[in-house]
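Read through the structure below, which is laid out as structure tokens, and then see the notes.
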Amino acid sequence: MTHQHALILICLSIILHSTQACGNSPNQRVLIQVDSTKQSLRCRKVQQNPRQLCSLFDLRSGKRLRQICRDQCRRKCQASIDTTADIVGQARALLPPIPPGPYITTTSNSKVVSLPDPPTPRLVQNAARTNCPHLQTGLKSWHDASIWPNATIPKAGAYVTLPINTKVVVLQKVVEKLGIITVPASSELIIGENTNGISLMVKGMTVKGKLTIGSETCRIETPVTITLWGKRPSNAVQVVPSPSVKGIYVTGTLSLHGKRYYSTWSRLAKTIQPGESVLLLQRPVNWERNQKVILTTSIIYDSRSYHQNEIVTVDRLATTPPTGVGAVVYLQRPVQYKHTANRYYQVEAGLITRTIKIQGASTDSEPTDLDPLTCRTSGYDPWSFYYNMTAPCMGRQQTGYGGHVMVTGTGTAQVEGIQLYRMGQTNVLGRYPMHFHLLGDCPSCYFRDSSIQRSFYRCISVHGTNKATVSENVAFDVTGYCYYLEDGVEEDNTISFNLAAHIHTIGPDLPTGPSQRTSDYDQTAAVGVELTNPADVAASGFYIPNVHNNIIGNAASGGWAGFAFPVLDTPLGLHKKVMLRPGSANGLTIDGNTAHSTGFWWKHAAGFYLGGTFYYKSDGNLRYSAGRVDFGRGARMPCAIYNDCVGGSCKCREENDRPINLTNTKTFLTAGVGLNSWSGMLNVKGFEAHDQRLAIEALSKGFWLDNFYAACRTGQDLGIPSPGSAGNLEGSGFNWYDTTQSHIISNAVFENCGYRSADYDQYDTSPTRGCGDSSDIAKGCSDTSTTFGFVTHSDSNIPEVMQATKGLTFTDCGRRFRYTVDDHDTVSGRCQNWIDVDGSASGLNEPAFIASGLDSVKDWWGVDDDVVFDEQGPVSFIKKNNGPDRGLASVRFSWDEALHAGTDVDYCFNGDPGPCPIQGYLRHLGYKFSPSQSGAGPGMPVTANPDTTGMVGGYGWVLKLNGGAPRDLNMTEIEVAPNNMLLLSIAYPVGTVFTVTANAESWCKPRDGSISCREVMTAVNSVDLVRNGDGNTYHVDSNGVLTLRLFVTRTWTGDPNWLGVPSWNTLTRDNINYAVPRFDRANVKLVNFGYASFRIQATQCGGASGAFCSNAVADYDPNVCPSGYRQIAYDSCCSLSNPSQCVFADGTTTT
């Protein structure tokens, strides 16, 4: 039916009460008007008859509505239909059409990840149920006065204890409003079925025996409602009421089994637009008429004050969905908002209604301090994305006091198919909608295919409980963390296929802050400002402080973050003295999880947030730091052994490292970051990030991203409320961090990332390239957007050899490279480097290195004439195969500790464009790079922060300091691959006496005859002997120039004799670990620095004190080329007569 034919007249006979027609005979006809815009039928004309009532039928359901049709028909009808069934059939035939394809299916809902589906239950239509508890023999009826004291059925307000050794069944409504019901250990309270429903209103329940509603093979199909009543005490946080008050407190058995609905939630198969009422789902469902369904938001911002979640009502299901569609659901009313299903991502529809409902009373559960929804942010916060925008009124909605369910002690819980509504008690410890409390190992415990709606404190807490199952649940409108592993000791649980939506934080404000830190939040029970769990300031859908659990197939929408993985140095609460470090736990399966519409309140908040630290202060009070914290208690160190240590004393041996694996993970519509990991040991295999500020952020050592797809903009309206704008939001891919990292990215696709501008069309000139521009307030991005960013703000932190990529694809991208600071020259900017394994990042399509392109270091990174300079970064592209031994290295030089100690104190700041005094320069050896011989620049500045990076595999580096030759020079934090040669030359006064040593790590303990920790090097007669030696030699030429080789040494130097230069395959003394530390993924190796060092001590060089020798030194500008050759690169010389005939620094030649 089309809207062009809004009014269609048909003739139908209306049958009153299925037996009588309107009018005097069954053949009397009625004119019915069909309004397709309202999707309903109504009587237009009908013969007047005061003794008859005509019925109005709803177009979609055929349901008879109570409406009187009064007028007489004025015309004859052309058809005769005489039964109600016929009318219903006609109504069904006039249902709105199913929207045409293409459809998104469970196999096409992602670009590269595979999202799992829950196992399909065995639902047999009209199958006989078995083991129905309410049908067993020997039961005593609640309404049988003879079972009660004084032969009196409990009256209103009564506190009731069931008779011992008795099974009491409730088969009809209990009209009395009761006090607390106690079920003795030998007794059982059973609630059965009644087509009119069964309801029970109580102050609470204590279940020492068993509370039973249905069974696994007899799922309850008629309504059962338990209402918990009671007003919140003013001191509920300070003096927590008994768990049986407004709660179901179970130390026995809780066995609740409502009707099985499958799927409990599904992603959409097609976008539903405002005004439409046909919902297409990817999964099949058996939902029923009048059930309530939550449609999650499709915009980037979600809070009480502004969101586009909506609850809709089911009318009916289509009997035959189109191919590829799991289900077609007709809704009773059109939707108000757009809910998106596109080829990148789809939002969710979740079933709320269940046959069993446990709820808080409507009269005393709701908060009395409701958010007025009138608050707005003020000013501009550069660390968030909002100003003068609608925002939560903080410190409100703190008084919710719903019911709760707690299972503890020797209790067990088998709960499925229930609805928890108006449950949870804000800030009251332990009072959650569902609480598995200190059950220990409980593999029989489960909470599944249920729903939680309007919870005032969490969804379910798994506390001190292991091996339980929480699966296929739907949660909507929740205050505080939803799915919650409480103390960090909970392990081997399965949290699978759950939906969490519209999550609200608790506390004085929303965590945000400059750089990578936020405010700290402390636990407080002070009246009016209660914050029982300070982590709730960053409440998210899922709280996972211990990854030794199975987290599979879940979806999160809303919240400060989607999935929170905070680092706990020790367990919390009742388990704080347990010898276990949750932050070092190794992961089980974390697969197929998604998050969206989150991360709005801080630019580092994320769909998946592996950050935040929860710990005890020295005064014993809990503190939560939402941002990045110190690398002690804040470090994640997943290890095979983590349960025999506490308080940061865990030291994981290398062979026990166990990286956490996140597989098949997706985020979208996140104003912060798709995935943010503040600490390392993480393998992300299969990851998608769409419509975000930044797809991924990893400030961690040991991070591998494989099979990655980022569509920085998909064309979706981001839905940022006015006066916010998408033009203020980056559309960037990945930022390389500035220090102490190891990152490998393999097999990645970047689509529509980077700012669109005529200045950035070097790689793609398409008019649709990039994430757009800042003028598009709905779908665009900021002018800082880039596919890859380099964090270049710092003079104190520099990038070592720490990043590599392979298998990159750029589709319709704008700006590809950008420095985060481009208004001044920084040490980190000069030292940028990147191993482009296959040339797919640079576009050279051959192995390459990407390095800084700043003017100040062009002669340092411009190692040959084939180097390509790209002004976008600016960056340099260096071809690896132009030499046989090309690689990267990083070294820290130190010669004056007082000078270096001023870094980030008096100069060389981390982010402040203040002074960073240059102390000298490094340059490559040879005439081509000599300022005096070729007019080249001075090279790489060496500053008071003496860290540097550069190309190796050439003739060597020359270090020249402004103050002269250093008396005591240490070379530490060395990163150079064992197959790459790094020679260092320094000019000293002729006649200087040297002691040159290689030193093991500081904790090396020498043992006579077995281990040595210091090797004193030997002088040899040529540089070639140093180059080709065992690493324990140096050379001093006639001009006083000292040359030695730098490499990554072991944790000890000999056993006891010198062990030589280790290779990639050399093992440590225990023959378990490698001697050269590395991060190794996807057949790519990144060398990591150890704590060994080289040291040059110079004496008899003039003067008796000071950092430098006082005697003069000669310039060192040797000709590195054979006669008849000229230097063309830092590692090669070619014949003047035959330029194709070349010799390399390692002695090899071209053929």
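Lettering and numbering for the structure tokens are positional, with chains as A, B, ... in the shown order, residues counted from 1 in each chain, and ligands counted from 1 in the shown order.
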For Lys167 of chain A: contacts at 7 Å, only C-alpha atoms, fewer than 3 positions along chain excluded, given as a PDB file with C-alpha atoms, in the first residue's frame:
```pdb
ATOM      1  CA  LEU A 139       1.929 -29.563  47.612  1.00  0.00           C
ATOM      2  CA  LYS A 140       0.164 -27.341  50.116  1.00  0.00           C
ATOM      3  CA  SER A 187      10.733 -25.924  52.907  1.00  0.00           C
ATOM      4  CA  GLU A 188      10.025 -24.682  49.402  1.00  0.00           C
ATOM      5  CA  LEU A 189       7.878 -21.864  48.078  1.00  0.00           C
TER       6      LEU A 189
END
```
Return as JSON lines the residues of segment 869-988 of chain A lying at most 12 Å from segment 820-824 of chain A, together with the closest atom-to-atom pair for each and the distance in Å to one decimal, counting only C-alpha atoms, with rows in chain order and ascending residue number.
```
{"residue": "A:Glu871", "atom": "CA", "partner": "A:Asp822", "partner_atom": "CA", "distance": 11.4}
{"residue": "A:Gln872", "atom": "CA", "partner": "A:Asp822", "partner_atom": "CA", "distance": 10.5}
{"residue": "A:Gly873", "atom": "CA", "partner": "A:Asp822", "partner_atom": "CA", "distance": 8.8}
{"residue": "A:Pro874", "atom": "CA", "partner": "A:Asp822", "partner_atom": "CA", "distance": 9.0}
{"residue": "A:Asn910", "atom": "CA", "partner": "A:Val821", "partner_atom": "CA", "distance": 11.9}
{"residue": "A:Gly911", "atom": "CA", "partner": "A:Val821", "partner_atom": "CA", "distance": 9.0}
{"residue": "A:Asp912", "atom": "CA", "partner": "A:His824", "partner_atom": "CA", "distance": 10.3}
{"residue": "A:Pro913", "atom": "CA", "partner": "A:His824", "partner_atom": "CA", "distance": 7.1}
{"residue": "A:Gly914", "atom": "CA", "partner": "A:His824", "partner_atom": "CA", "distance": 9.9}
{"residue": "A:Pro915", "atom": "CA", "partner": "A:His824", "partner_atom": "CA", "distance": 11.0}
{"residue": "A:Cys916", "atom": "CA", "partner": "A:His824", "partner_atom": "CA", "distance": 11.7}
```
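Going from atom CA of Trp148 of chain A over to atom CA of Val174 of chain A, you cover 14.7 Å.
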Contacts of segment 877-892 of chain A at 7 Å or less, counting only C-alpha atoms, minus same-chain residues fewer than 5 places along, as a PDB file with N, CA, C and O atoms, in the first residue's frame?
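This went into result-v4.pdb:
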```
ATOM      1  N   GLU A 800      61.666   5.429  20.481  1.00  0.00           N
ATOM      2  CA  GLU A 800      62.748   4.509  20.148  1.00  0.00           C
ATOM      3  C   GLU A 800      62.352   3.751  18.877  1.00  0.00           C
ATOM      4  O   GLU A 800      61.450   4.152  18.164  1.00  0.00           O
ATOM      5  N   VAL A 801      62.997   2.628  18.627  1.00  0.00           N
ATOM      6  CA  VAL A 801      62.602   1.788  17.485  1.00  0.00           C
ATOM      7  C   VAL A 801      61.421   0.961  17.965  1.00  0.00           C
ATOM      8  O   VAL A 801      61.590  -0.076  18.603  1.00  0.00           O
ATOM      9  N   SER A 842      54.079   3.836   3.061  1.00  0.00           N
ATOM     10  CA  SER A 842      54.660   4.954   2.322  1.00  0.00           C
ATOM     11  C   SER A 842      54.157   5.032   0.897  1.00  0.00           C
ATOM     12  O   SER A 842      54.250   6.084   0.263  1.00  0.00           O
ATOM     13  N   PRO A 847      60.115  -2.655   0.757  1.00  0.00           N
ATOM     14  CA  PRO A 847      60.491  -2.408   2.157  1.00  0.00           C
ATOM     15  C   PRO A 847      61.106  -1.027   2.334  1.00  0.00           C
ATOM     16  O   PRO A 847      61.957  -0.595   1.546  1.00  0.00           O
ATOM     17  N   ALA A 848      60.671  -0.347   3.394  1.00  0.00           N
ATOM     18  CA  ALA A 848      61.091   1.037   3.582  1.00  0.00           C
ATOM     19  C   ALA A 848      61.094   1.386   5.062  1.00  0.00           C
ATOM     20  O   ALA A 848      60.610   0.627   5.917  1.00  0.00           O
ATOM     21  N   PHE A 849      61.661   2.541   5.339  1.00  0.00           N
ATOM     22  CA  PHE A 849      61.584   3.153   6.654  1.00  0.00           C
ATOM     23  C   PHE A 849      60.937   4.516   6.490  1.00  0.00           C
ATOM     24  O   PHE A 849      61.193   5.229   5.516  1.00  0.00           O
ATOM     25  N   ILE A 850      60.068   4.852   7.432  1.00  0.00           N
ATOM     26  CA  ILE A 850      59.475   6.185   7.463  1.00  0.00           C
ATOM     27  C   ILE A 850      60.098   6.923   8.636  1.00  0.00           C
ATOM     28  O   ILE A 850      60.164   6.387   9.749  1.00  0.00           O
ATOM     29  N   ALA A 851      60.578   8.122   8.390  1.00  0.00           N
ATOM     30  CA  ALA A 851      61.279   8.869   9.426  1.00  0.00           C
ATOM     31  C   ALA A 851      60.879  10.331   9.364  1.00  0.00           C
ATOM     32  O   ALA A 851      60.126  10.762   8.493  1.00  0.00           O
ATOM     33  N   VAL A 867      65.781   9.215  -1.123  1.00  0.00           N
ATOM     34  CA  VAL A 867      64.831   9.485  -0.045  1.00  0.00           C
ATOM     35  C   VAL A 867      63.739  10.416  -0.559  1.00  0.00           C
ATOM     36  O   VAL A 867      64.016  11.433  -1.203  1.00  0.00           O
ATOM     37  N   VAL A 868      62.494  10.048  -0.269  1.00  0.00           N
ATOM     38  CA  VAL A 868      61.341  10.849  -0.677  1.00  0.00           C
ATOM     39  C   VAL A 868      60.869  11.641   0.535  1.00  0.00           C
ATOM     40  O   VAL A 868      60.608  11.066   1.595  1.00  0.00           O
ATOM     41  N   PHE A 869      60.742  12.946   0.374  1.00  0.00           N
ATOM     42  CA  PHE A 869      60.251  13.794   1.455  1.00  0.00           C
ATOM     43  C   PHE A 869      58.781  14.098   1.212  1.00  0.00           C
ATOM     44  O   PHE A 869      58.410  14.565   0.134  1.00  0.00           O
ATOM     45  N   PRO A 946      69.473  13.493  25.930  1.00  0.00           N
ATOM     46  CA  PRO A 946      70.422  12.974  24.942  1.00  0.00           C
ATOM     47  C   PRO A 946      69.973  11.698  24.232  1.00  0.00           C
ATOM     48  O   PRO A 946      70.812  10.888  23.822  1.00  0.00           O
ATOM     49  N   ASP A 947      68.669  11.489  24.100  1.00  0.00           N
ATOM     50  CA  ASP A 947      68.179  10.321  23.378  1.00  0.00           C
ATOM     51  C   ASP A 947      68.139  10.636  21.881  1.00  0.00           C
ATOM     52  O   ASP A 947      67.824  11.764  21.474  1.00  0.00           O
ATOM     53  N   THR A 948      68.395   9.622  21.072  1.00  0.00           N
ATOM     54  CA  THR A 948      68.352   9.856  19.634  1.00  0.00           C
ATOM     55  C   THR A 948      68.022   8.571  18.896  1.00  0.00           C
ATOM     56  O   THR A 948      68.143   7.464  19.446  1.00  0.00           O
ATOM     57  N   THR A 949      67.588   8.725  17.655  1.00  0.00           N
ATOM     58  CA  THR A 949      67.340   7.595  16.771  1.00  0.00           C
ATOM     59  C   THR A 949      67.957   7.905  15.416  1.00  0.00           C
ATOM     60  O   THR A 949      68.183   9.064  15.070  1.00  0.00           O
ATOM     61  N   GLY A 950      68.198   6.857  14.640  1.00  0.00           N
ATOM     62  CA  GLY A 950      68.752   7.085  13.317  1.00  0.00           C
ATOM     63  C   GLY A 950      68.911   5.801  12.533  1.00  0.00           C
ATOM     64  O   GLY A 950      68.691   4.699  13.043  1.00  0.00           O
ATOM     65  N   MET A 951      69.323   5.959  11.272  1.00  0.00           N
ATOM     66  CA  MET A 951      69.577   4.814  10.406  1.00  0.00           C
ATOM     67  C   MET A 951      70.941   4.221  10.728  1.00  0.00           C
ATOM     68  O   MET A 951      71.922   4.944  10.990  1.00  0.00           O
ATOM     69  N   VAL A 952      71.027   2.895  10.698  1.00  0.00           N
ATOM     70  CA  VAL A 952      72.280   2.182  10.918  1.00  0.00           C
ATOM     71  C   VAL A 952      72.508   1.221   9.763  1.00  0.00           C
ATOM     72  O   VAL A 952      71.674   1.066   8.881  1.00  0.00           O
ATOM     73  N   GLY A 953      73.677   0.571   9.802  1.00  0.00           N
ATOM     74  CA  GLY A 953      74.058  -0.289   8.698  1.00  0.00           C
ATOM     75  C   GLY A 953      74.955   0.423   7.714  1.00  0.00           C
ATOM     76  O   GLY A 953      75.233  -0.079   6.624  1.00  0.00           O
ATOM     77  N   MET A 971      76.458   4.835  27.110  1.00  0.00           N
ATOM     78  CA  MET A 971      75.496   4.565  26.045  1.00  0.00           C
ATOM     79  C   MET A 971      74.549   3.477  26.541  1.00  0.00           C
ATOM     80  O   MET A 971      74.970   2.330  26.757  1.00  0.00           O
ATOM     81  N   THR A 972      73.301   3.875  26.760  1.00  0.00           N
ATOM     82  CA  THR A 972      72.328   2.985  27.384  1.00  0.00           C
ATOM     83  C   THR A 972      71.059   2.932  26.531  1.00  0.00           C
ATOM     84  O   THR A 972      70.924   3.646  25.536  1.00  0.00           O
ATOM     85  N   GLU A 973      70.140   2.083  26.973  1.00  0.00           N
ATOM     86  CA  GLU A 973      68.834   1.943  26.316  1.00  0.00           C
ATOM     87  C   GLU A 973      69.012   1.757  24.814  1.00  0.00           C
ATOM     88  O   GLU A 973      68.304   2.338  23.989  1.00  0.00           O
ATOM     89  N   ILE A 974      69.955   0.894  24.464  1.00  0.00           N
ATOM     90  CA  ILE A 974      70.301   0.677  23.059  1.00  0.00           C
ATOM     91  C   ILE A 974      69.284  -0.252  22.414  1.00  0.00           C
ATOM     92  O   ILE A 974      68.965  -1.313  22.947  1.00  0.00           O
ATOM     93  N   GLU A 975      68.787   0.165  21.281  1.00  0.00           N
ATOM     94  CA  GLU A 975      67.925  -0.682  20.459  1.00  0.00           C
ATOM     95  C   GLU A 975      68.497  -0.724  19.058  1.00  0.00           C
ATOM     96  O   GLU A 975      68.492   0.288  18.338  1.00  0.00           O
ATOM     97  N   VAL A 976      69.033  -1.862  18.703  1.00  0.00           N
ATOM     98  CA  VAL A 976      69.516  -2.076  17.341  1.00  0.00           C
ATOM     99  C   VAL A 976      69.426  -3.573  17.073  1.00  0.00           C
ATOM    100  O   VAL A 976      69.787  -4.387  17.926  1.00  0.00           O
ATOM    101  N   ASN A 980      72.052  -5.645  12.280  1.00  0.00           N
ATOM    102  CA  ASN A 980      72.398  -4.306  11.806  1.00  0.00           C
ATOM    103  C   ASN A 980      73.633  -3.791  12.544  1.00  0.00           C
ATOM    104  O   ASN A 980      73.749  -3.953  13.758  1.00  0.00           O
ATOM    105  N   ASP A1131      75.758   4.513   3.399  1.00  0.00           N
ATOM    106  CA  ASP A1131      76.257   3.149   3.486  1.00  0.00           C
ATOM    107  C   ASP A1131      76.888   2.661   2.186  1.00  0.00           C
ATOM    108  O   ASP A1131      77.152   1.473   2.041  1.00  0.00           O
TER     109      ASP A1131
END
```
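Distance annotation: of A:Arg283, A:Arg396, A:His690, A:Arg448, the residue with the minimal separation from Glu751 of chain A is A:His690; atom set is only C-alpha atoms.
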Item checked: Point-to-point distance from atom CA of Gly1102 of chain A to atom CA of Asn962 of chain A, Å rounded to tenths -> 16.2 Å
Next item on the list: Could you tell me how far atom CA of Val250 of chain A lies from atom CA of Ser199 of chain A, in Å and to one decimal?
Entry: 19.8 Å
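The environment of segment 194-197 of chain A within 12 Å, counting only C-alpha atoms and disregarding residues fewer than 5 places along the same chain, consists of His134, Val170, Leu171, Gln172, Lys173, Val174, Ile220, Glu221, Thr222, Pro223, Val224, Thr225, Ile226, Thr355, Ile356 and Lys357 of chain A.
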Next item on the list: For Gln832 of chain A, please output as an MDAnalysis selection string all residues within 10 Å (counting only C-alpha atoms; exclusion window: fewer than 4 positions along the same chain).
Entry: chainID A and resid 736:738 790:792 798:803 819 827:828 850:854 861 875:876 948:950
Could you write out the selected residues, including C-alpha atoms, as a PDB file, in the first residue's frame?
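Full text of again25.pdb as output:
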```pdb
ATOM      1  CA  TRP A 736      52.061   6.512  17.126  1.00  0.00           C
ATOM      2  CA  TYR A 737      52.911   7.337  20.711  1.00  0.00           C
ATOM      3  CA  ASP A 738      56.165   9.069  21.637  1.00  0.00           C
ATOM      4  CA  PHE A 790      52.839  11.102  15.238  1.00  0.00           C
ATOM      5  CA  VAL A 791      52.817  12.304  18.851  1.00  0.00           C
ATOM      6  CA  THR A 792      55.496  14.991  18.583  1.00  0.00           C
ATOM      7  CA  ILE A 798      61.321  10.320  22.246  1.00  0.00           C
ATOM      8  CA  PRO A 799      60.278   7.365  20.101  1.00  0.00           C
ATOM      9  CA  GLU A 800      62.748   4.509  20.148  1.00  0.00           C
ATOM     10  CA  VAL A 801      62.602   1.788  17.485  1.00  0.00           C
ATOM     11  CA  MET A 802      59.090   0.844  18.399  1.00  0.00           C
ATOM     12  CA  GLN A 803      56.673   0.618  15.474  1.00  0.00           C
ATOM     13  CA  TYR A 819      52.526  15.574  13.471  1.00  0.00           C
ATOM     14  CA  VAL A 827      63.151  16.233  19.907  1.00  0.00           C
ATOM     15  CA  SER A 828      60.350  13.693  19.471  1.00  0.00           C
ATOM     16  CA  ILE A 850      59.475   6.185   7.463  1.00  0.00           C
ATOM     17  CA  ALA A 851      61.279   8.869   9.426  1.00  0.00           C
ATOM     18  CA  SER A 852      61.100  12.507  10.369  1.00  0.00           C
ATOM     19  CA  GLY A 853      60.946  15.033   7.553  1.00  0.00           C
ATOM     20  CA  LEU A 854      61.649  18.123   9.640  1.00  0.00           C
ATOM     21  CA  TRP A 861      67.438  11.055   7.676  1.00  0.00           C
ATOM     22  CA  VAL A 875      58.080  12.548   6.859  1.00  0.00           C
ATOM     23  CA  SER A 876      60.863  10.901   4.884  1.00  0.00           C
ATOM     24  CA  THR A 948      68.352   9.856  19.634  1.00  0.00           C
ATOM     25  CA  THR A 949      67.340   7.595  16.771  1.00  0.00           C
ATOM     26  CA  GLY A 950      68.752   7.085  13.317  1.00  0.00           C
TER      27      GLY A 950
END
```
Note to self: If DSSP is run on the backbone, what residues of segment 931-1106 of chain A are helix (DSSP H, G or I)? A reply as JSON, numbers by chain would be ideal.
What the structure shows: {"A": [931, 932, 933, 934, 1023, 1024, 1025, 1026, 1027]}
Emit the selected residues as an mmCIF file, in the first residue's frame, including all heavy atoms.
```
data_model
loop_
_atom_site.group_PDB
_atom_site.id
_atom_site.type_symbol
_atom_site.label_atom_id
_atom_site.label_comp_id
_atom_site.auth_asym_id
_atom_site.auth_seq_id
_atom_site.Cartn_x
_atom_site.Cartn_y
_atom_site.Cartn_z
ATOM 1 N N PRO A 931 79.750 18.692 7.126
ATOM 2 C CA PRO A 931 79.495 20.112 6.855
ATOM 3 C C PRO A 931 80.686 20.808 6.221
ATOM 4 O O PRO A 931 80.527 21.686 5.370
ATOM 5 C CB PRO A 931 79.180 20.682 8.241
ATOM 6 C CG PRO A 931 78.704 19.507 9.032
ATOM 7 C CD PRO A 931 79.510 18.344 8.526
ATOM 8 N N SER A 932 81.903 20.405 6.601
ATOM 9 C CA SER A 932 83.090 21.078 6.076
ATOM 10 C C SER A 932 83.459 20.609 4.677
ATOM 11 O O SER A 932 84.109 21.337 3.921
ATOM 12 C CB SER A 932 84.274 20.854 7.012
ATOM 13 O OG SER A 932 84.592 19.477 7.104
ATOM 14 N N GLN A 933 83.050 19.403 4.296
ATOM 15 C CA GLN A 933 83.447 18.857 3.014
ATOM 16 C C GLN A 933 82.378 19.011 1.940
ATOM 17 O O GLN A 933 82.694 19.237 0.775
ATOM 18 C CB GLN A 933 83.782 17.361 3.170
ATOM 19 C CG GLN A 933 84.932 17.092 4.116
ATOM 20 C CD GLN A 933 86.259 17.577 3.549
ATOM 21 O OE1 GLN A 933 86.459 17.620 2.329
ATOM 22 N NE2 GLN A 933 87.174 17.976 4.430
ATOM 23 N N SER A 934 81.107 18.874 2.333
ATOM 24 C CA SER A 934 80.035 18.883 1.325
ATOM 25 C C SER A 934 79.005 19.962 1.550
ATOM 26 O O SER A 934 78.083 20.107 0.756
ATOM 27 C CB SER A 934 79.328 17.523 1.321
ATOM 28 O OG SER A 934 78.633 17.317 2.555
ATOM 29 N N VAL A 1023 89.431 -0.204 12.144
ATOM 30 C CA VAL A 1023 87.971 -0.177 12.265
ATOM 31 C C VAL A 1023 87.379 -1.469 11.733
ATOM 32 O O VAL A 1023 86.372 -1.969 12.265
ATOM 33 C CB VAL A 1023 87.401 1.051 11.525
ATOM 34 C CG1 VAL A 1023 85.869 0.983 11.463
ATOM 35 C CG2 VAL A 1023 87.831 2.335 12.205
ATOM 36 N N ASP A 1024 87.991 -2.037 10.696
ATOM 37 C CA ASP A 1024 87.462 -3.296 10.149
ATOM 38 C C ASP A 1024 87.481 -4.406 11.187
ATOM 39 O O ASP A 1024 86.570 -5.246 11.238
ATOM 40 C CB ASP A 1024 88.279 -3.719 8.928
ATOM 41 C CG ASP A 1024 87.927 -2.908 7.688
ATOM 42 O OD1 ASP A 1024 86.859 -2.250 7.698
ATOM 43 O OD2 ASP A 1024 88.718 -2.927 6.727
ATOM 44 N N LEU A 1025 88.511 -4.425 12.027
ATOM 45 C CA LEU A 1025 88.552 -5.437 13.085
ATOM 46 C C LEU A 1025 87.441 -5.209 14.110
ATOM 47 O O LEU A 1025 86.919 -6.166 14.680
ATOM 48 C CB LEU A 1025 89.921 -5.424 13.769
ATOM 49 C CG LEU A 1025 91.086 -5.965 12.935
ATOM 50 C CD1 LEU A 1025 92.403 -5.786 13.690
ATOM 51 C CD2 LEU A 1025 90.866 -7.438 12.583
ATOM 52 N N VAL A 1026 87.099 -3.964 14.344
ATOM 53 C CA VAL A 1026 85.961 -3.682 15.224
ATOM 54 C C VAL A 1026 84.667 -4.144 14.561
ATOM 55 O O VAL A 1026 83.824 -4.810 15.187
ATOM 56 C CB VAL A 1026 85.891 -2.181 15.555
ATOM 57 C CG1 VAL A 1026 84.629 -1.876 16.361
ATOM 58 C CG2 VAL A 1026 87.123 -1.738 16.314
ATOM 59 N N ARG A 1027 84.511 -3.783 13.287
ATOM 60 C CA ARG A 1027 83.287 -4.151 12.564
ATOM 61 C C ARG A 1027 83.098 -5.660 12.507
ATOM 62 O O ARG A 1027 81.989 -6.164 12.662
ATOM 63 C CB ARG A 1027 83.344 -3.569 11.151
ATOM 64 C CG ARG A 1027 82.147 -3.940 10.283
ATOM 65 C CD ARG A 1027 82.303 -3.419 8.875
ATOM 66 N NE ARG A 1027 82.173 -1.975 8.797
ATOM 67 C CZ ARG A 1027 81.019 -1.322 8.675
ATOM 68 N NH1 ARG A 1027 79.875 -2.010 8.622
ATOM 69 N NH2 ARG A 1027 80.992 -0.009 8.609
#
```
